[in-house]
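Chemist: What follows is the file my_file-v3.pdb, containing PDB, C-alpha atoms and all ligand atoms:
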```pdb
ATOM      1  CA  MET W   1     131.941 103.065  63.689  1.00  0.00           C
ATOM      2  CA  THR W   2     129.743 105.963  62.787  1.00  0.00           C
ATOM      3  CA  LEU W   3     127.532 108.092  64.946  1.00  0.00           C
ATOM      4  CA  ARG W   4     124.053 108.177  63.494  1.00  0.00           C
ATOM      5  CA  ARG W   5     121.544 110.969  63.816  1.00  0.00           C
ATOM      6  CA  VAL W   6     118.723 110.235  66.259  1.00  0.00           C
ATOM      7  CA  LEU W   7     115.334 111.087  64.776  1.00  0.00           C
ATOM      8  CA  TYR W   8     112.961 113.248  66.753  1.00  0.00           C
ATOM      9  CA  TYR W   9     109.252 113.127  67.477  1.00  0.00           C
ATOM     10  CA  GLY W  10     107.409 113.896  64.259  1.00  0.00           C
ATOM     11  CA  ASP W  11     109.665 111.805  62.033  1.00  0.00           C
ATOM     12  CA  PRO W  12     107.593 109.175  60.192  1.00  0.00           C
ATOM     13  CA  ALA W  13     110.185 106.418  60.834  1.00  0.00           C
ATOM     14  CA  LEU W  14     109.245 106.534  64.524  1.00  0.00           C
ATOM     15  CA  ARG W  15     105.661 105.604  63.618  1.00  0.00           C
ATOM     16  CA  LYS W  16     106.432 102.585  61.450  1.00  0.00           C
ATOM     17  CA  ARG W  17     106.594  98.956  62.472  1.00  0.00           C
ATOM     18  CA  ALA W  18     110.132  97.693  61.957  1.00  0.00           C
ATOM     19  CA  ARG W  19     110.582  94.476  59.984  1.00  0.00           C
ATOM     20  CA  GLU W  20     111.958  91.180  61.236  1.00  0.00           C
ATOM     21  CA  VAL W  21     115.685  90.729  60.647  1.00  0.00           C
ATOM     22  CA  THR W  22     116.380  87.760  58.378  1.00  0.00           C
ATOM     23  CA  GLU W  23     120.006  88.411  57.343  1.00  0.00           C
ATOM     24  CA  PHE W  24     122.582  88.293  60.124  1.00  0.00           C
ATOM     25  CA  ASP W  25     125.311  89.850  58.027  1.00  0.00           C
ATOM     26  CA  ALA W  26     128.067  92.438  58.263  1.00  0.00           C
ATOM     27  CA  SER W  27     125.649  95.324  57.757  1.00  0.00           C
ATOM     28  CA  LEU W  28     123.668  94.207  60.830  1.00  0.00           C
ATOM     29  CA  LEU W  29     126.876  94.162  62.909  1.00  0.00           C
ATOM     30  CA  THR W  30     127.721  97.643  61.648  1.00  0.00           C
ATOM     31  CA  LEU W  31     124.235  98.858  62.541  1.00  0.00           C
ATOM     32  CA  VAL W  32     124.551  97.478  66.082  1.00  0.00           C
ATOM     33  CA  GLU W  33     128.018  99.031  66.574  1.00  0.00           C
ATOM     34  CA  ASP W  34     126.806 102.375  65.265  1.00  0.00           C
ATOM     35  CA  MET W  35     123.733 102.214  67.532  1.00  0.00           C
ATOM     36  CA  GLN W  36     125.967 101.481  70.549  1.00  0.00           C
ATOM     37  CA  GLU W  37     128.197 104.430  69.772  1.00  0.00           C
ATOM     38  CA  THR W  38     125.220 106.686  69.117  1.00  0.00           C
ATOM     39  CA  MET W  39     123.472 105.685  72.348  1.00  0.00           C
ATOM     40  CA  LYS W  40     126.636 106.492  74.315  1.00  0.00           C
ATOM     41  CA  ALA W  41     127.086 109.845  72.579  1.00  0.00           C
ATOM     42  CA  TYR W  42     123.507 110.807  73.452  1.00  0.00           C
ATOM     43  CA  ASN W  43     123.790 109.354  76.997  1.00  0.00           C
ATOM     44  CA  GLY W  44     120.911 106.960  76.403  1.00  0.00           C
ATOM     45  CA  VAL W  45     120.065 103.739  78.243  1.00  0.00           C
ATOM     46  CA  GLY W  46     118.426 102.221  75.195  1.00  0.00           C
ATOM     47  CA  LEU W  47     117.987 102.717  71.475  1.00  0.00           C
ATOM     48  CA  ALA W  48     115.804 101.120  68.809  1.00  0.00           C
ATOM     49  CA  ALA W  49     116.800 100.975  65.137  1.00  0.00           C
ATOM     50  CA  ASN W  50     113.765 103.073  64.123  1.00  0.00           C
ATOM     51  CA  GLN W  51     115.329 105.951  66.042  1.00  0.00           C
ATOM     52  CA  VAL W  52     118.231 106.043  63.596  1.00  0.00           C
ATOM     53  CA  GLY W  53     115.896 105.567  60.635  1.00  0.00           C
ATOM     54  CA  VAL W  54     116.464 101.851  60.126  1.00  0.00           C
ATOM     55  CA  LEU W  55     113.235  99.836  60.075  1.00  0.00           C
ATOM     56  CA  GLN W  56     114.655  96.571  61.381  1.00  0.00           C
ATOM     57  CA  ARG W  57     113.743  94.870  64.648  1.00  0.00           C
ATOM     58  CA  VAL W  58     116.957  95.658  66.517  1.00  0.00           C
ATOM     59  CA  LEU W  59     117.271  97.241  69.940  1.00  0.00           C
ATOM     60  CA  ILE W  60     120.032  97.795  72.444  1.00  0.00           C
ATOM     61  CA  VAL W  61     119.845  98.551  76.150  1.00  0.00           C
ATOM     62  CA  ASP W  62     122.582  99.633  78.559  1.00  0.00           C
ATOM     63  CA  VAL W  63     121.050  99.920  81.994  1.00  0.00           C
ATOM     64  CA  PRO W  64     122.763 100.829  85.282  1.00  0.00           C
ATOM     65  CA  GLN W  65     122.198  98.475  88.223  1.00  0.00           C
ATOM     66  CA  GLU W  66     121.943  99.583  91.835  1.00  0.00           C
ATOM     67  CA  ASP W  67     124.990  97.554  92.755  1.00  0.00           C
ATOM     68  CA  GLY W  68     127.024  95.961  90.034  1.00  0.00           C
ATOM     69  CA  PRO W  69     127.979  96.544  86.454  1.00  0.00           C
ATOM     70  CA  ARG W  70     125.630  97.938  83.819  1.00  0.00           C
ATOM     71  CA  VAL W  71     123.506  95.374  81.991  1.00  0.00           C
ATOM     72  CA  ARG W  72     123.878  95.487  78.225  1.00  0.00           C
ATOM     73  CA  HIS W  73     121.883  93.586  75.647  1.00  0.00           C
ATOM     74  CA  CYS W  74     121.454  93.645  71.903  1.00  0.00           C
ATOM     75  CA  LEU W  75     118.102  92.080  71.030  1.00  0.00           C
ATOM     76  CA  VAL W  76     117.164  91.246  67.458  1.00  0.00           C
ATOM     77  CA  ASN W  77     113.563  90.248  66.680  1.00  0.00           C
ATOM     78  CA  PRO W  78     112.595  90.502  70.376  1.00  0.00           C
ATOM     79  CA  VAL W  79     109.264  89.086  71.523  1.00  0.00           C
ATOM     80  CA  ILE W  80     107.917  89.725  75.010  1.00  0.00           C
ATOM     81  CA  GLU W  81     106.385  86.359  75.807  1.00  0.00           C
ATOM     82  CA  GLN W  82     105.282  86.920  79.388  1.00  0.00           C
ATOM     83  CA  ARG W  83     104.521  89.986  81.448  1.00  0.00           C
ATOM     84  CA  SER W  84     103.707  90.097  85.134  1.00  0.00           C
ATOM     85  CA  GLY W  85     102.943  92.799  87.650  1.00  0.00           C
ATOM     86  CA  THR W  86     102.639  96.486  86.890  1.00  0.00           C
ATOM     87  CA  VAL W  87     104.774  99.339  88.084  1.00  0.00           C
ATOM     88  CA  LYS W  88     104.858 103.054  87.432  1.00  0.00           C
ATOM     89  CA  GLY W  89     108.150 104.784  86.729  1.00  0.00           C
ATOM     90  CA  GLU W  90     109.645 107.773  84.946  1.00  0.00           C
ATOM     91  CA  GLU W  91     110.662 107.523  81.301  1.00  0.00           C
ATOM     92  CA  GLY W  92     112.261 109.775  78.792  1.00  0.00           C
ATOM     93  CA  CYS W  93     113.262 109.156  75.190  1.00  0.00           C
ATOM     94  CA  LEU W  94     116.180 110.334  73.052  1.00  0.00           C
ATOM     95  CA  SER W  95     113.608 111.053  70.320  1.00  0.00           C
ATOM     96  CA  ILE W  96     111.505 113.224  72.663  1.00  0.00           C
ATOM     97  CA  PRO W  97     114.147 115.349  74.402  1.00  0.00           C
ATOM     98  CA  GLY W  98     113.241 117.188  77.576  1.00  0.00           C
ATOM     99  CA  ILE W  99     110.016 115.299  78.317  1.00  0.00           C
ATOM    100  CA  TYR W 100     109.913 112.898  81.272  1.00  0.00           C
ATOM    101  CA  GLU W 101     106.723 111.293  82.527  1.00  0.00           C
ATOM    102  CA  ASP W 102     105.594 108.326  84.591  1.00  0.00           C
ATOM    103  CA  VAL W 103     104.537 105.338  82.518  1.00  0.00           C
ATOM    104  CA  THR W 104     102.913 102.130  83.769  1.00  0.00           C
ATOM    105  CA  ARG W 105     104.711  99.000  82.544  1.00  0.00           C
ATOM    106  CA  ALA W 106     104.938  95.325  83.410  1.00  0.00           C
ATOM    107  CA  GLN W 107     107.271  94.839  86.381  1.00  0.00           C
ATOM    108  CA  LYS W 108     108.724  91.601  85.046  1.00  0.00           C
ATOM    109  CA  ILE W 109     108.996  90.238  81.505  1.00  0.00           C
ATOM    110  CA  HIS W 110     110.283  87.180  79.726  1.00  0.00           C
ATOM    111  CA  VAL W 111     111.833  88.011  76.360  1.00  0.00           C
ATOM    112  CA  ARG W 112     112.861  85.727  73.560  1.00  0.00           C
ATOM    113  CA  ALA W 113     115.124  87.202  70.880  1.00  0.00           C
ATOM    114  CA  GLN W 114     118.294  86.653  68.905  1.00  0.00           C
ATOM    115  CA  ASP W 115     121.646  88.320  69.346  1.00  0.00           C
ATOM    116  CA  GLU W 116     123.393  90.219  66.554  1.00  0.00           C
ATOM    117  CA  LYS W 117     124.868  86.960  65.256  1.00  0.00           C
ATOM    118  CA  GLY W 118     121.505  85.197  65.160  1.00  0.00           C
ATOM    119  CA  ALA W 119     121.962  83.031  68.265  1.00  0.00           C
ATOM    120  CA  PRO W 120     118.839  82.594  70.410  1.00  0.00           C
ATOM    121  CA  VAL W 121     118.648  84.690  73.581  1.00  0.00           C
ATOM    122  CA  GLU W 122     116.212  84.452  76.476  1.00  0.00           C
ATOM    123  CA  ILE W 123     116.038  87.091  79.166  1.00  0.00           C
ATOM    124  CA  GLU W 124     114.124  87.469  82.403  1.00  0.00           C
ATOM    125  CA  ALA W 125     114.050  91.171  83.183  1.00  0.00           C
ATOM    126  CA  GLU W 126     112.620  93.133  86.073  1.00  0.00           C
ATOM    127  CA  ASP W 127     112.113  96.741  87.048  1.00  0.00           C
ATOM    128  CA  TYR W 128     114.284  99.274  85.186  1.00  0.00           C
ATOM    129  CA  LEU W 129     115.732  96.771  82.696  1.00  0.00           C
ATOM    130  CA  ALA W 130     112.228  95.439  81.974  1.00  0.00           C
ATOM    131  CA  ARG W 131     111.011  99.011  81.528  1.00  0.00           C
ATOM    132  CA  ALA W 132     113.826  99.850  79.104  1.00  0.00           C
ATOM    133  CA  ILE W 133     113.168  96.743  76.996  1.00  0.00           C
ATOM    134  CA  GLN W 134     109.408  97.412  76.875  1.00  0.00           C
ATOM    135  CA  HIS W 135     110.082 101.021  75.837  1.00  0.00           C
ATOM    136  CA  GLU W 136     112.407  99.905  73.017  1.00  0.00           C
ATOM    137  CA  VAL W 137     110.107  97.095  71.813  1.00  0.00           C
ATOM    138  CA  ASP W 138     107.359  99.734  71.600  1.00  0.00           C
ATOM    139  CA  HIS W 139     109.653 101.759  69.287  1.00  0.00           C
ATOM    140  CA  LEU W 140     109.939  98.740  66.969  1.00  0.00           C
ATOM    141  CA  ASP W 141     106.131  98.793  66.746  1.00  0.00           C
ATOM    142  CA  GLY W 142     105.976 102.536  66.066  1.00  0.00           C
ATOM    143  CA  VAL W 143     104.764 103.309  69.598  1.00  0.00           C
ATOM    144  CA  LEU W 144     106.216 106.115  71.742  1.00  0.00           C
ATOM    145  CA  PHE W 145     106.023 106.391  75.535  1.00  0.00           C
ATOM    146  CA  VAL W 146     103.854 109.506  75.295  1.00  0.00           C
ATOM    147  CA  ASP W 147     101.199 107.335  73.568  1.00  0.00           C
ATOM    148  CA  ARG W 148     100.859 105.477  76.871  1.00  0.00           C
ATOM    149  CA  LEU W 149     100.016 108.584  78.896  1.00  0.00           C
ATOM    150  CA  SER W 150      96.493 109.687  79.772  1.00  0.00           C
ATOM    151  CA  LEU W 151      94.604 111.861  77.294  1.00  0.00           C
ATOM    152  CA  LEU W 152      94.850 114.744  79.747  1.00  0.00           C
ATOM    153  CA  LYS W 153      98.629 114.386  80.039  1.00  0.00           C
ATOM    154  CA  ARG W 154      98.991 114.173  76.267  1.00  0.00           C
ATOM    155  CA  GLN W 155      96.940 117.339  75.823  1.00  0.00           C
ATOM    156  CA  PHE W 156      99.149 119.016  78.404  1.00  0.00           C
ATOM    157  CA  LEU W 157     102.284 118.006  76.453  1.00  0.00           C
ATOM    158  CA  ARG W 158     100.919 118.781  73.004  1.00  0.00           C
ATOM    159  CA  ARG W 159     102.640 122.128  72.505  1.00  0.00           C
ATOM    160  CA  ASP W 160     105.993 120.761  73.655  1.00  0.00           C
ATOM    161  CA  LEU W 161     105.659 117.782  71.311  1.00  0.00           C
ATOM    162  CA  GLU W 162     104.737 120.022  68.412  1.00  0.00           C
ATOM    163  CA  ALA W 163     107.779 122.184  69.112  1.00  0.00           C
ATOM    164  CA  ILE W 164     110.043 119.097  68.978  1.00  0.00           C
ATOM    165  CA  ALA W 165     108.372 118.061  65.705  1.00  0.00           C
ATOM    166  CA  ARG W 166     109.244 121.517  64.308  1.00  0.00           C
ATOM    167  CA  GLY W 167     112.864 120.981  65.332  1.00  0.00           C
ATOM    168  CA  GLU W 168     112.834 123.508  68.165  1.00  0.00           C
ATOM    169  CA  LEU W 169     115.166 121.856  70.616  1.00  0.00           C
ATOM    170  CA  PRO W 170     116.655 123.516  73.672  1.00  0.00           C
ATOM    171  CA  GLU W 171     120.459 123.882  73.520  1.00  0.00           C
ATOM    172  CA  GLU W 172     121.076 121.070  76.020  1.00  0.00           C
ATOM    173  CA  HIS W 173     119.163 118.630  73.826  1.00  0.00           C
ATOM    174  CA  ARG W 174     120.944 119.364  70.546  1.00  0.00           C
ATOM    175  CA  PRO W 175     122.689 116.340  69.036  1.00  0.00           C
ATOM    176  CA  PRO W 176     126.393 115.836  69.804  1.00  0.00           C
ATOM    177  CA  ARG W 177     128.562 117.872  67.444  1.00  0.00           C
ATOM    178  CA  GLU W 178     130.212 114.882  65.799  1.00  0.00           C
ATOM    179  CA  VAL W 179     126.923 113.377  64.591  1.00  0.00           C
ATOM    180  CA  ILE W 180     126.778 112.831  60.862  1.00  0.00           C
ATOM    181  CA  GLY W 181     124.156 111.349  58.590  1.00  0.00           C
TER     182      GLY W 181
HETATM  183 CO    CO W 201     112.685 106.030  73.243  1.00  0.00          CO
END
```
Kindly return the structure encoded in the file as structure tokens.
Modeler:
Amino acid sequence: MTLRRVLYYGDPALRKRAREVTEFDASLLTLVEDMQETMKAYNGVGLAANQVGVLQRVLIVDVPQEDGPRVRHCLVNPVIEQRSGTVKGEEGCLSIPGIYEDVTRAQKIHVRAQDEKGAPVEIEAEDYLARAIQHEVDHLDGVLFVDRLSLLKRQFLRRDLEAIARGELPEEHRPPREVIG
């Protein structure tokens, strides 16, 4: 397994729509393993392939539950088929370090996808898990959570976003030392 470098706000790969996965081969399994390791190293709860510069429709989530084990999914070619309710909650993004804002999302979603081996997967997700999946599916479409904020909020964050795009990251948000690539 290899840690991959997470791309930051300003990188063009974050603005591209990732392509459907058609080959469920060894390189896909390697990508998923690398993404899992990278997400852990960066202490993330989710990661989309665009964030490591791979334009394929692959996302992973690893979400803590209030009581019980963490919920982990690898979703390939995910489609959110139903959304219900809306709820506001705080989000951050490994590609936009240091910025946390409330985003309105569907409270509950029904997702159809495939796993990393190509088997069909269906998930009903609510609350934080639903939020994480919606955030990562947005990444696959080239959309970032800051795009979903009000114009006023975005203007307020503009300087901070520009600083990230220039590579000016505070010490605590620098990538883990062992990152290569
Ligand atoms: Co993100």
Chemist: Applied to the shown file, which residues does the PyMOL selection byres (((not hetatm)) within 6 of (chain W and resi 201)) return, written as a PyMOL selection string?
Modeler: chain W and resi 93-95
Chemist: Could you list the residues chosen by the PyMOL selection byres (((chain W and resi 14) around 7) and not hetatm) in this structure as a list in words?
Modeler: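 When the PyMOL selection byres (((chain W and resi 14) around 7) and not hetatm) is applied, the selected residues are Asp11, Pro12, Ala13, Arg15, Lys16, Asn50, Gln51, His139 and Gly142 of chain W.
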Chemist: Just to be explicit: take each residue in the selection above, keep C-alpha atoms, and write the result as a short mmCIF file (atom, residue, chain, number, x, y, z; two decimals), in the frame of the given file.
Modeler:
```cif
data_model
loop_
_atom_site.label_atom_id
_atom_site.label_comp_id
_atom_site.auth_asym_id
_atom_site.auth_seq_id
_atom_site.Cartn_x
_atom_site.Cartn_y
_atom_site.Cartn_z
CA ASP W 11 109.66 111.80 62.03
CA PRO W 12 107.59 109.18 60.19
CA ALA W 13 110.18 106.42 60.83
CA ARG W 15 105.66 105.60 63.62
CA LYS W 16 106.43 102.58 61.45
CA ASN W 50 113.76 103.07 64.12
CA GLN W 51 115.33 105.95 66.04
CA HIS W 139 109.65 101.76 69.29
CA GLY W 142 105.98 102.54 66.07
#
```
Chemist: On this file, the PyMOL selection byres (((chain W and resi 34-38) around 9) and not hetatm) gives some set of residues; write that set as a list in words.
Modeler: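 Residues picked by the PyMOL selection byres (((chain W and resi 34-38) around 9) and not hetatm): Met1, Thr2, Leu3, Arg4, Arg5, Val6, Leu29, Thr30, Leu31, Val32, Glu33, Met39, Lys40, Ala41, Tyr42, Asn43, Gly44, Gly46, Leu47, Ala48, Ala49, Val52, Leu59, Ile60, Val61, Asp62 and Val179 of chain W.
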Chemist: Just to be explicit: take each residue in the selection above, keep C-alpha atoms, and write the result as a PDB file, keeping the file's coordinate frame.
Modeler:
```pdb
ATOM      1  CA  MET W   1     131.941 103.065  63.689  1.00  0.00           C
ATOM      2  CA  THR W   2     129.743 105.963  62.787  1.00  0.00           C
ATOM      3  CA  LEU W   3     127.532 108.092  64.946  1.00  0.00           C
ATOM      4  CA  ARG W   4     124.053 108.177  63.494  1.00  0.00           C
ATOM      5  CA  ARG W   5     121.544 110.969  63.816  1.00  0.00           C
ATOM      6  CA  VAL W   6     118.723 110.235  66.259  1.00  0.00           C
ATOM      7  CA  LEU W  29     126.876  94.162  62.909  1.00  0.00           C
ATOM      8  CA  THR W  30     127.721  97.643  61.648  1.00  0.00           C
ATOM      9  CA  LEU W  31     124.235  98.858  62.541  1.00  0.00           C
ATOM     10  CA  VAL W  32     124.551  97.478  66.082  1.00  0.00           C
ATOM     11  CA  GLU W  33     128.018  99.031  66.574  1.00  0.00           C
ATOM     12  CA  MET W  39     123.472 105.685  72.348  1.00  0.00           C
ATOM     13  CA  LYS W  40     126.636 106.492  74.315  1.00  0.00           C
ATOM     14  CA  ALA W  41     127.086 109.845  72.579  1.00  0.00           C
ATOM     15  CA  TYR W  42     123.507 110.807  73.452  1.00  0.00           C
ATOM     16  CA  ASN W  43     123.790 109.354  76.997  1.00  0.00           C
ATOM     17  CA  GLY W  44     120.911 106.960  76.403  1.00  0.00           C
ATOM     18  CA  GLY W  46     118.426 102.221  75.195  1.00  0.00           C
ATOM     19  CA  LEU W  47     117.987 102.717  71.475  1.00  0.00           C
ATOM     20  CA  ALA W  48     115.804 101.120  68.809  1.00  0.00           C
ATOM     21  CA  ALA W  49     116.800 100.975  65.137  1.00  0.00           C
ATOM     22  CA  VAL W  52     118.231 106.043  63.596  1.00  0.00           C
ATOM     23  CA  LEU W  59     117.271  97.241  69.940  1.00  0.00           C
ATOM     24  CA  ILE W  60     120.032  97.795  72.444  1.00  0.00           C
ATOM     25  CA  VAL W  61     119.845  98.551  76.150  1.00  0.00           C
ATOM     26  CA  ASP W  62     122.582  99.633  78.559  1.00  0.00           C
ATOM     27  CA  VAL W 179     126.923 113.377  64.591  1.00  0.00           C
TER      28      VAL W 179
END
```
Chemist: So which one's closest to Glu136 of chain W, W:Glu116, W:Glu66, W:Glu91, W:Glu20? Using all atoms listed in the file, please.
Modeler: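 When distances to Glu136 of chain W are compared using all atoms listed in the file, the smallest one comes from W:Glu91.
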Chemist: How many Å separate atom CA of Gly53 of chain W from atom CA of His110 of chain W?
Modeler: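 Calculated distance between atom CA of Gly53 of chain W and atom CA of His110 of chain W is 27.1 Å.
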Chemist: Could you give me, as a tab-separated table, a per-residue list for segment 46-133 of chain W showing, wherever an atom lies at most 8 Å from an atom of segment 156-173 of chain W, the closest pair of atoms and their distance in Å to one decimal, using only C-alpha atoms and sorting by chain then residue number from low to high?
Modeler:
```
residue	atom	partner	partner_atom	distance
W:Ile96	CA	W:Ile164	CA	7.1
W:Pro97	CA	W:His173	CA	6.0
W:Gly98	CA	W:His173	CA	7.2
```
Chemist: Using atom CA of Val121 of chain W and atom CA of Leu55 of chain W as the two end points, give the distance in Å to one decimal.
Modeler: 21.0 Å
Chemist: Please write out, as JSON, where the centre of an axis-aligned box around all listed atoms of segment 159-171 of chain W lies and how long its edges are, in Å to one decimal, after adding 5 Å on each side.
Modeler:
```
{"center_x": 111.5, "center_y": 120.8, "center_z": 69.0, "size_x": 27.8, "size_y": 16.1, "size_z": 19.4}
```
Chemist: Rank W:Glu23, W:His73, W:Ala106, W:Gln82 by their smallest atom-to-atom distance to Glu126 of chain W, using all atoms listed in the file, and report the top residue only.
Modeler: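 The answer is W:Ala106, which sits nearest to Glu126 of chain W.
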Chemist: Restricting the calculation to only C-alpha atoms: of W:Gly85, W:Pro78, W:Gly118, W:Pro64, which residue gets closest to Gln134 of chain W?
Modeler: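 That would be W:Pro78, the residue with the smallest distance to Gln134 of chain W.
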Chemist: Around the point (101.4, 90.4, 84.5), in the coordinates given by the file, pick out the residues reaching within 10 Å, counting only C-alpha atoms, and return them as a list in words.
Modeler: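 So the residues meeting the distance criterion are Gln82, Arg83, Ser84, Gly85, Thr86, Arg105, Ala106, Gln107, Lys108 and Ile109 of chain W.
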Chemist: Residues of the last selection are to be written out with C-alpha atoms, as a PDB file, keeping the file's coordinate frame.
Modeler:
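Saved result, selection-v6.pdb, follows:
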```pdb
ATOM      1  CA  GLN W  82     105.282  86.920  79.388  1.00  0.00           C
ATOM      2  CA  ARG W  83     104.521  89.986  81.448  1.00  0.00           C
ATOM      3  CA  SER W  84     103.707  90.097  85.134  1.00  0.00           C
ATOM      4  CA  GLY W  85     102.943  92.799  87.650  1.00  0.00           C
ATOM      5  CA  THR W  86     102.639  96.486  86.890  1.00  0.00           C
ATOM      6  CA  ARG W 105     104.711  99.000  82.544  1.00  0.00           C
ATOM      7  CA  ALA W 106     104.938  95.325  83.410  1.00  0.00           C
ATOM      8  CA  GLN W 107     107.271  94.839  86.381  1.00  0.00           C
ATOM      9  CA  LYS W 108     108.724  91.601  85.046  1.00  0.00           C
ATOM     10  CA  ILE W 109     108.996  90.238  81.505  1.00  0.00           C
TER      11      ILE W 109
END
```
Chemist: Give me the residues within 7 Å of Glu90 of chain W as a compact mmCIF listing (two decimals) with C-alpha atoms, in the coordinates of the input, counting all atoms listed in the file and dropping any in the same chain fewer than 3 places off.
Modeler:
```
# COMPACT_ATOMS: atom_id res chain seq x y z
CA TYR W 100 109.91 112.90 81.27
CA GLU W 101 106.72 111.29 82.53
CA ASP W 102 105.59 108.33 84.59
CA VAL W 103 104.54 105.34 82.52
```
Chemist: One decimal, in Å: what's the spacing between atom CA of Arg19 of chain W and atom CA of Val63 of chain W?
Modeler: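 Distance between the two atoms: 25.0 Å.
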Chemist: Using only C-alpha atoms, which of the listed residues (W:Val87, W:Ile133, W:Val111, W:Leu140) sits closest to Val54 of chain W?
Modeler: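 Under the stated criterion, the closest residue is W:Leu140.
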